[in-house]
Amino acid sequence: MKPLFFLLLASSGLAAVHEADVCVFGGTSGGVAAAVQVARMGKTVVLAEPGRHLGGMTSGGLSAVDIGDPRSVGGIAREYFTRLVGKYGKKLEWDQPFKSTGGPATGGAYAIEPHQAERVFEEMVKEAGVKVLREARLASAAKSEAATPGRKGAGKSARITSITLENGDVIRAKVFIDTTYEGDLMAKAGVSFTLMREGNAKYGESFNGIQYDAKYKPRSEHLVPGVNGRVKGGQGVWDRDFPLDPYVVLGCPDSGVLPLIELDEVGKPGDPAPGVQAYCYRLCLTTAADRLPITPPADYDPKTYEIVARFIEACLQNGDDMDLRWFSKHDPLPNDKWDFNTATFGGNLPGASHAWPAASYAEREKIAKRHENYHRGLLHFLATDPRVPKKVREDMQRFGLPKDEFQDSGGWPHQLYIREARRMVSDLVLTEHHTFGRTIAPKSIGLGSYGTDVHEIRRIVKDGVVIREGKLAGSRGGFGPYQIGYDAIVPKKSECTNLLVTFALSASHTAFASIRMEPVFMITSQSAATAAVMAIENGQNVQEVDYEKLKARLMKDGQVVEWAK
């Protein structure tokens with residue numbers, strides 16, 4: 001067995017060259033699952049993370065975890081969440097469906113603290129003997145037409161031979177797994193991907209492309225919510241859309257639009273369009289006495305939030321007895337902490353996410369800071385502005401940042417919620433036909449079970465009022481967990497034969513809106529790791545792995561690949 005890494009004296013200085021059987025790029029929840037699986041199967045592995053922390057959103061603020069149907073989750077994902085809640089003396093009923101409390105039947109199943117979530121990820125990589133590289137920012141990927149290692153007499157194919165990091169370090173491996181939200185390694189390797197909402201016509205779908213869902217059409221009359229903040233039918237007060245005037249001077253388009261609103265073409269429903277879902281920070285806030293203040297940005301200007309003030313005015317005219325839930329659904333966590341989600345006017349910043357997928361690391365830092373400054377400013381506005389109802393102000397003033405979370409960033413999460421970025425285009429593209437159960441994906445390597453959940457793509461002007469374009473939230477026609485096919489996590493053979501892609505996998509915009517849950521990404525990543533090891537052991541390209549043998553190993557390791565009706 002080769003050593004995990006060695007040092008090579010490069011002409012520009014001392015550069016580290018790391019060698020392993022498998023390189024997992026991206027220290028997300030799925031990245032950890034993949035690396036641990038490779039190590040458990042007896043192969044050497046390097047887990048390279050561009051940041052400093054492991055776990056991605058699972059440890060980065062997504063504390064009320066959307067898990068879908070617990071019975072569809074197996075393998076390392078199940079092991080991880082079992083260990084995590086065990087730290088609180090709890091047990092999870094994996095053989096029981098998620099029990100709704102009035103909202104979606106698949107949302108916010110498990111409440112966890114971010115620092116505990118990260119701790120379990122760290123424990124798992126340490127126990128498995130995984131080599132972790134942090135601040136490992138990708139610069140380039142080297143490919144060549146080479147024979148598959150271990151296969152005599154084989155023809156040549158396009159393979160990644162190594163990747164180079166921004167600090168000059170090099171990672172060489174036999175197989176690479178891209179577990180980044182953005183599909184960064186996939187893109188560097190020249191694999192086909194899209195950033196488009198394909199439109200309905202391309203795959204015969206109904207919810208792709210430009211969308212104006214009737215559920216989110218601005219209207220003046222909204223029902224009185226129950227104690228859980230939801231009206232009959234399940235819609236929450238954090239998802240109310242009123243016909244708000246978007247212009248600086250009421251009724252005067254020539255005055256320009258207010259901040260936080262885009263001037264863009266309305267488009268035709270169902271047509272193709274660029275743009276990814278809105279991003280946000282999922283905050284962990286606390287009411288504890290030692291909480292840290294949520295300070296506004298240095299350039300805070302209440303005028304930025306004029307549209308929020310108009311939203312408040314519309315809510316009051318509707319007779320709403322407003323509290324903080326109108327601006328953020330928030331769920332209780334252990335130890336006086338709360339998981340803050342988004343709202344019609346919450347943490348999401350529509351439009352600001354569109355440049356992220358193709359941006360450099362430096363540009364991404366600026367985009368992330370823009371989201372943070374917007375969110376800090378909004379919370380300060382809600383806590384202090386006289387136009388905000390007293391009840392909301394006092395509610396907001398109860399919360400601060402926890403001292404024991406995200407300590408190297410002052411209590412603010414280190415991970416921006418990348419809900420959607422690049423999506424690979426391979427021989428199998430998962431579509432809403434798969435997620436709705438009209439077509440069954442072959443060669444299942446795991447199951448998805450969440451609803452179709454698309455956060456707004458744009459906040460624009462339509463028919464003279466503000467509207468959230470692209471926003472969708474619904475079921476999948478009553479169909480249960482669906483299969484995710486192996487061919488959706490491998491590129492076309494002509495493009496690369498030793499790469500698997502488990503987050504930015506091959507799916508349409510609307511199918512990805514269901515697949516995109518953290519437990520599912522852990523499942524696809526463990527399955528990819530298993531396939532990677534089998535490809536190495538049998539001298540195969542990843543596209544050639546024997547599916548029946550792969551399925552047998554996945555099931556042996558506790559994965560759930562079929563749904564018993």
# chains A, B, ... in the order shown; residues from 1 in each chain; ligands from 1
call {"tool": "residues_around", "arguments": {"residues": "segment 242-252 of chain A", "least_positions_apart": "3", "cutoff": "7 Å", "atoms": "only C-alpha atoms", "output": "list of chain:residue names"}}
result
A:Pro218, A:Arg219, A:Ser220, A:Ser255, A:Gly256, A:Val257, A:Leu258, A:Arg310, A:Phe311, A:Ala314, A:Val461, A:Gly464, A:Val465, A:Val466
call {"tool": "write_last_selection", "arguments": {"atoms": "N, CA and C atoms", "output": "mmCIF file, in the first residue's frame"}}
result
data_model
loop_
_atom_site.group_PDB
_atom_site.id
_atom_site.type_symbol
_atom_site.label_atom_id
_atom_site.label_comp_id
_atom_site.auth_asym_id
_atom_site.auth_seq_id
_atom_site.Cartn_x
_atom_site.Cartn_y
_atom_site.Cartn_z
ATOM 1 N N PRO A 218 -49.733 37.055 -5.228
ATOM 2 C CA PRO A 218 -50.080 38.107 -4.257
ATOM 3 C C PRO A 218 -51.591 38.312 -4.176
ATOM 4 N N ARG A 219 -52.103 38.348 -2.952
ATOM 5 C CA ARG A 219 -53.531 38.569 -2.744
ATOM 6 C C ARG A 219 -53.728 39.334 -1.435
ATOM 7 N N SER A 220 -54.872 39.941 -1.299
ATOM 8 C CA SER A 220 -55.108 40.851 -0.170
ATOM 9 C C SER A 220 -55.694 40.167 1.056
ATOM 10 N N SER A 255 -40.100 56.249 -10.790
ATOM 11 C CA SER A 255 -39.255 56.498 -9.621
ATOM 12 C C SER A 255 -38.277 55.359 -9.361
ATOM 13 N N GLY A 256 -38.417 54.240 -10.088
ATOM 14 C CA GLY A 256 -37.540 53.093 -9.886
ATOM 15 C C GLY A 256 -38.079 52.150 -8.831
ATOM 16 N N VAL A 257 -37.475 50.956 -8.760
ATOM 17 C CA VAL A 257 -37.935 49.973 -7.785
ATOM 18 C C VAL A 257 -37.146 50.098 -6.488
ATOM 19 N N LEU A 258 -37.751 49.618 -5.425
ATOM 20 C CA LEU A 258 -37.121 49.625 -4.111
ATOM 21 C C LEU A 258 -35.959 48.640 -4.049
ATOM 22 N N ARG A 310 -43.603 47.811 3.987
ATOM 23 C CA ARG A 310 -44.871 47.749 3.249
ATOM 24 C C ARG A 310 -45.548 46.389 3.442
ATOM 25 N N PHE A 311 -44.747 45.349 3.565
ATOM 26 C CA PHE A 311 -45.287 44.023 3.875
ATOM 27 C C PHE A 311 -45.963 44.038 5.239
ATOM 28 N N ALA A 314 -49.304 45.710 5.069
ATOM 29 C CA ALA A 314 -50.313 44.848 4.455
ATOM 30 C C ALA A 314 -50.793 43.776 5.419
ATOM 31 N N VAL A 461 -41.094 42.404 -10.468
ATOM 32 C CA VAL A 461 -42.363 43.121 -10.605
ATOM 33 C C VAL A 461 -43.184 42.462 -11.713
ATOM 34 N N GLY A 464 -47.506 45.077 -11.872
ATOM 35 C CA GLY A 464 -47.434 46.229 -10.989
ATOM 36 C C GLY A 464 -47.217 45.932 -9.520
ATOM 37 N N VAL A 465 -47.001 44.659 -9.164
ATOM 38 C CA VAL A 465 -46.761 44.313 -7.757
ATOM 39 C C VAL A 465 -45.553 43.370 -7.654
ATOM 40 N N VAL A 466 -45.059 43.205 -6.450
ATOM 41 C CA VAL A 466 -43.929 42.323 -6.187
ATOM 42 C C VAL A 466 -44.389 40.873 -6.210
#
call {"tool": "residues_around", "arguments": {"residues": "His433 of chain A", "least_positions_apart": "3", "cutoff": "9 Å", "atoms": "only C-alpha atoms", "output": "list of chain:residue names"}}
result
A:Tyr203, A:Gly204, A:Glu205, A:Leu430, A:Phe436, A:Gly437, A:Arg438, A:Thr439, A:Ile440, A:Ala511
call {"tool": "write_last_selection", "arguments": {"atoms": "N, CA and C atoms", "output": "mmCIF file, in the first residue's frame"}}
result
data_model
loop_
_atom_site.group_PDB
_atom_site.id
_atom_site.type_symbol
_atom_site.label_atom_id
_atom_site.label_comp_id
_atom_site.auth_asym_id
_atom_site.auth_seq_id
_atom_site.Cartn_x
_atom_site.Cartn_y
_atom_site.Cartn_z
ATOM 1 N N TYR A 203 -37.976 18.003 -20.981
ATOM 2 C CA TYR A 203 -38.180 16.662 -20.445
ATOM 3 C C TYR A 203 -39.657 16.323 -20.245
ATOM 4 N N GLY A 204 -40.542 17.151 -20.797
ATOM 5 C CA GLY A 204 -41.962 16.887 -20.652
ATOM 6 C C GLY A 204 -42.455 17.051 -19.229
ATOM 7 N N GLU A 205 -41.940 18.062 -18.527
ATOM 8 C CA GLU A 205 -42.290 18.279 -17.124
ATOM 9 C C GLU A 205 -43.375 19.353 -16.987
ATOM 10 N N LEU A 430 -32.312 12.621 -14.048
ATOM 11 C CA LEU A 430 -33.505 12.423 -13.236
ATOM 12 C C LEU A 430 -34.443 13.611 -13.442
ATOM 13 N N PHE A 436 -41.936 11.851 -9.175
ATOM 14 C CA PHE A 436 -43.378 11.650 -9.028
ATOM 15 C C PHE A 436 -43.786 10.184 -9.228
ATOM 16 N N GLY A 437 -42.815 9.332 -9.525
ATOM 17 C CA GLY A 437 -43.101 7.906 -9.633
ATOM 18 C C GLY A 437 -43.683 7.458 -10.954
ATOM 19 N N ARG A 438 -43.690 8.327 -11.955
ATOM 20 C CA ARG A 438 -44.214 7.932 -13.258
ATOM 21 C C ARG A 438 -43.205 7.080 -14.032
ATOM 22 N N THR A 439 -41.924 7.269 -13.722
ATOM 23 C CA THR A 439 -40.837 6.488 -14.306
ATOM 24 C C THR A 439 -39.919 6.063 -13.174
ATOM 25 N N ILE A 440 -39.485 4.824 -13.193
ATOM 26 C CA ILE A 440 -38.601 4.313 -12.142
ATOM 27 C C ILE A 440 -37.168 4.315 -12.660
ATOM 28 N N ALA A 511 -36.614 18.139 -10.491
ATOM 29 C CA ALA A 511 -36.290 16.906 -9.778
ATOM 30 C C ALA A 511 -35.298 17.184 -8.662
#
call {"tool": "closest_atom_pairs", "arguments": {"of": "segment 344-463 of chain A", "to": "segment 72-89 of chain A", "cutoff": "10 Å", "atoms": "only C-alpha atoms", "output": "CSV"}}
result
residue,atom,partner,partner_atom,distance
A:Gly446,CA,A:Ser72,CA,8.1
A:Leu447,CA,A:Ser72,CA,6.0
A:Gly448,CA,A:Ser72,CA,7.3
A:Ser449,CA,A:Ser72,CA,7.2
call {"tool": "write_last_selection", "arguments": {"atoms": "N, CA and C atoms", "output": "short mmCIF file (atom, residue, chain, number, x, y, z; two decimals), in the first residue's frame"}}
result
data_model
loop_
_atom_site.label_atom_id
_atom_site.label_comp_id
_atom_site.auth_asym_id
_atom_site.auth_seq_id
_atom_site.Cartn_x
_atom_site.Cartn_y
_atom_site.Cartn_z
N GLY A 446 -30.04 4.46 -3.93
CA GLY A 446 -30.59 5.15 -2.78
C GLY A 446 -31.96 5.71 -3.12
N LEU A 447 -32.62 6.24 -2.11
CA LEU A 447 -33.97 6.76 -2.29
C LEU A 447 -34.07 8.22 -1.90
N GLY A 448 -34.94 8.95 -2.58
CA GLY A 448 -35.32 10.29 -2.18
C GLY A 448 -36.77 10.26 -1.76
N SER A 449 -37.18 11.18 -0.89
CA SER A 449 -38.56 11.12 -0.41
C SER A 449 -39.17 12.48 -0.09
#
call {"tool": "residues_around", "arguments": {"residues": "segment 386-400 of chain A", "least_positions_apart": "2", "cutoff": "6 Å", "atoms": "only C-alpha atoms", "output": "MDAnalysis selection string"}}
result
chainID A and resid 285:287 291:294 323:324 382:383
call {"tool": "write_last_selection", "arguments": {"atoms": "N, CA, C and O atoms", "output": "PDB file, in the first residue's frame"}}
result
ATOM      1  N   LEU A 285     -30.059  30.642  16.696  1.00  0.00           N
ATOM      2  CA  LEU A 285     -30.134  31.743  17.662  1.00  0.00           C
ATOM      3  C   LEU A 285     -30.533  31.220  19.038  1.00  0.00           C
ATOM      4  O   LEU A 285     -31.071  30.112  19.160  1.00  0.00           O
ATOM      5  N   THR A 286     -30.264  32.010  20.036  1.00  0.00           N
ATOM      6  CA  THR A 286     -30.527  31.577  21.401  1.00  0.00           C
ATOM      7  C   THR A 286     -31.149  32.698  22.223  1.00  0.00           C
ATOM      8  O   THR A 286     -30.967  33.888  21.917  1.00  0.00           O
ATOM      9  N   THR A 287     -31.871  32.292  23.254  1.00  0.00           N
ATOM     10  CA  THR A 287     -32.422  33.240  24.224  1.00  0.00           C
ATOM     11  C   THR A 287     -31.637  33.199  25.528  1.00  0.00           C
ATOM     12  O   THR A 287     -32.043  33.812  26.514  1.00  0.00           O
ATOM     13  N   ARG A 291     -26.027  35.285  25.448  1.00  0.00           N
ATOM     14  CA  ARG A 291     -26.084  35.392  23.990  1.00  0.00           C
ATOM     15  C   ARG A 291     -25.304  36.608  23.493  1.00  0.00           C
ATOM     16  O   ARG A 291     -25.185  37.622  24.193  1.00  0.00           O
ATOM     17  N   LEU A 292     -24.792  36.494  22.288  1.00  0.00           N
ATOM     18  CA  LEU A 292     -24.049  37.584  21.663  1.00  0.00           C
ATOM     19  C   LEU A 292     -25.012  38.459  20.867  1.00  0.00           C
ATOM     20  O   LEU A 292     -25.959  37.958  20.263  1.00  0.00           O
ATOM     21  N   PRO A 293     -24.791  39.759  20.809  1.00  0.00           N
ATOM     22  CA  PRO A 293     -25.686  40.635  20.047  1.00  0.00           C
ATOM     23  C   PRO A 293     -25.553  40.392  18.548  1.00  0.00           C
ATOM     24  O   PRO A 293     -24.472  40.050  18.044  1.00  0.00           O
ATOM     25  N   ILE A 294     -26.650  40.578  17.821  1.00  0.00           N
ATOM     26  CA  ILE A 294     -26.638  40.482  16.365  1.00  0.00           C
ATOM     27  C   ILE A 294     -26.418  41.890  15.837  1.00  0.00           C
ATOM     28  O   ILE A 294     -27.360  42.674  15.692  1.00  0.00           O
ATOM     29  N   ASP A 323     -46.093  38.219  14.881  1.00  0.00           N
ATOM     30  CA  ASP A 323     -44.940  37.973  15.743  1.00  0.00           C
ATOM     31  C   ASP A 323     -43.773  37.597  14.841  1.00  0.00           C
ATOM     32  O   ASP A 323     -43.857  37.717  13.612  1.00  0.00           O
ATOM     33  N   LEU A 324     -42.693  37.135  15.407  1.00  0.00           N
ATOM     34  CA  LEU A 324     -41.464  36.913  14.640  1.00  0.00           C
ATOM     35  C   LEU A 324     -41.611  35.824  13.576  1.00  0.00           C
ATOM     36  O   LEU A 324     -40.847  35.795  12.603  1.00  0.00           O
ATOM     37  N   LEU A 382     -35.934  44.555  12.278  1.00  0.00           N
ATOM     38  CA  LEU A 382     -37.063  43.972  13.000  1.00  0.00           C
ATOM     39  C   LEU A 382     -36.993  44.244  14.497  1.00  0.00           C
ATOM     40  O   LEU A 382     -38.025  44.334  15.175  1.00  0.00           O
ATOM     41  N   ALA A 383     -35.788  44.417  15.008  1.00  0.00           N
ATOM     42  CA  ALA A 383     -35.619  44.630  16.451  1.00  0.00           C
ATOM     43  C   ALA A 383     -35.735  46.096  16.854  1.00  0.00           C
ATOM     44  O   ALA A 383     -36.012  46.394  18.030  1.00  0.00           O
TER      45      ALA A 383
END
call {"tool": "residues_around", "arguments": {"residues": "Ile489 of chain A", "least_positions_apart": "5", "cutoff": "7 Å", "atoms": "only C-alpha atoms", "output": "ChimeraX atom specification"}}
result
/A:500-502,505-506
call {"tool": "closest_residue", "arguments": {"among": "A:Ile171, A:Glu49, A:Ser59, A:Val120", "to": "Glu19 of chain A", "atoms": "only C-alpha atoms"}}
result
A:Ile171
call {"tool": "closest_residue", "arguments": {"among": "A:Gly558, A:Met322, A:Asn498, A:Gly31", "to": "Glu145 of chain A", "atoms": "only C-alpha atoms"}}
result
A:Asn498
call {"tool": "closest_residue", "arguments": {"among": "A:Met124, A:Leu378, A:Cys284, A:Met196", "to": "Ile307 of chain A", "atoms": "only C-alpha atoms"}}
result
A:Leu378
call {"tool": "closest_residue", "arguments": {"among": "A:Thr344, A:Ser409, A:Asn541, A:Thr497", "to": "Ile160 of chain A", "atoms": "only C-alpha atoms"}}
result
A:Thr497
call {"tool": "residues_around", "arguments": {"residues": "Lys268 of chain A", "least_positions_apart": "6", "cutoff": "12 Å", "atoms": "only C-alpha atoms", "output": "list in words"}}
result
Gly199, Asn200, Asn208, Gly209, Ile210, Gln211, Tyr212, Lys462, Glu469 and Gly470 of chain A
call {"tool": "write_last_selection", "arguments": {"atoms": "N, CA and C atoms", "output": "PDB file, in the first residue's frame"}}
result
ATOM      1  N   GLY A 199     -36.859  24.348 -18.457  1.00  0.00           N
ATOM      2  CA  GLY A 199     -38.166  24.567 -19.067  1.00  0.00           C
ATOM      3  C   GLY A 199     -38.923  23.250 -19.155  1.00  0.00           C
ATOM      4  N   ASN A 200     -40.235  23.343 -19.256  1.00  0.00           N
ATOM      5  CA  ASN A 200     -41.059  22.130 -19.238  1.00  0.00           C
ATOM      6  C   ASN A 200     -40.905  21.263 -20.482  1.00  0.00           C
ATOM      7  N   ASN A 208     -40.967  22.946 -14.303  1.00  0.00           N
ATOM      8  CA  ASN A 208     -39.635  23.444 -14.638  1.00  0.00           C
ATOM      9  C   ASN A 208     -39.751  24.824 -15.287  1.00  0.00           C
ATOM     10  N   GLY A 209     -38.605  25.516 -15.390  1.00  0.00           N
ATOM     11  CA  GLY A 209     -38.585  26.817 -16.038  1.00  0.00           C
ATOM     12  C   GLY A 209     -39.246  27.899 -15.191  1.00  0.00           C
ATOM     13  N   ILE A 210     -39.685  28.962 -15.842  1.00  0.00           N
ATOM     14  CA  ILE A 210     -40.336  30.080 -15.151  1.00  0.00           C
ATOM     15  C   ILE A 210     -41.644  29.597 -14.535  1.00  0.00           C
ATOM     16  N   GLN A 211     -41.868  29.970 -13.258  1.00  0.00           N
ATOM     17  CA  GLN A 211     -43.052  29.496 -12.553  1.00  0.00           C
ATOM     18  C   GLN A 211     -43.678  30.613 -11.732  1.00  0.00           C
ATOM     19  N   TYR A 212     -45.009  30.688 -11.812  1.00  0.00           N
ATOM     20  CA  TYR A 212     -45.795  31.585 -10.964  1.00  0.00           C
ATOM     21  C   TYR A 212     -46.906  30.749 -10.326  1.00  0.00           C
ATOM     22  N   LYS A 462     -44.408  42.104 -11.391  1.00  0.00           N
ATOM     23  CA  LYS A 462     -45.332  41.522 -12.369  1.00  0.00           C
ATOM     24  C   LYS A 462     -46.711  42.127 -12.122  1.00  0.00           C
ATOM     25  N   GLU A 469     -40.922  34.864  -8.189  1.00  0.00           N
ATOM     26  CA  GLU A 469     -40.925  33.981  -9.360  1.00  0.00           C
ATOM     27  C   GLU A 469     -40.104  32.733  -9.061  1.00  0.00           C
ATOM     28  N   GLY A 470     -40.661  31.581  -9.446  1.00  0.00           N
ATOM     29  CA  GLY A 470     -39.958  30.315  -9.278  1.00  0.00           C
ATOM     30  C   GLY A 470     -40.306  29.562  -8.022  1.00  0.00           C
TER      31      GLY A 470
END
call {"tool": "closest_residue", "arguments": {"among": "A:Val32, A:Ala535, A:Leu472, A:Ala187", "to": "Ser206 of chain A", "atoms": "only C-alpha atoms"}}
result
A:Leu472
call {"tool": "closest_residue", "arguments": {"among": "A:Met534, A:Ala278, A:Leu260, A:Cys496", "to": "Ala141 of chain A", "atoms": "only C-alpha atoms"}}
result
A:Cys496
call {"tool": "select_by_dssp", "arguments": {"residues": "segment 276-453 of chain A", "states": "helix (DSSP H, G or I)", "output": "count of residues only"}}
result
58
call {"tool": "atom_distance", "arguments": {"atom1": "atom CA of Val454 of chain A", "atom2": "atom CA of Arg516 of chain A"}}
result
10.0 Å
call {"tool": "residues_around", "arguments": {"residues": "segment 549-554 of chain A", "least_positions_apart": "2", "cutoff": "12 Å", "atoms": "only C-alpha atoms", "output": "MDAnalysis selection string"}}
result
chainID A and resid 37 41 74:76 442:446 485:486 523:535 538 542:547 556:562
call {"tool": "select_by_dssp", "arguments": {"residues": "segment 78-143 of chain A", "states": "strand (DSSP E or B)", "output": "list in words"}}
result
Tyr110, Ala111, Lys131, Val132, Leu133, Arg134, Leu138, Ala139, Ser140, Ala141, Ala142 and Lys143 of chain A
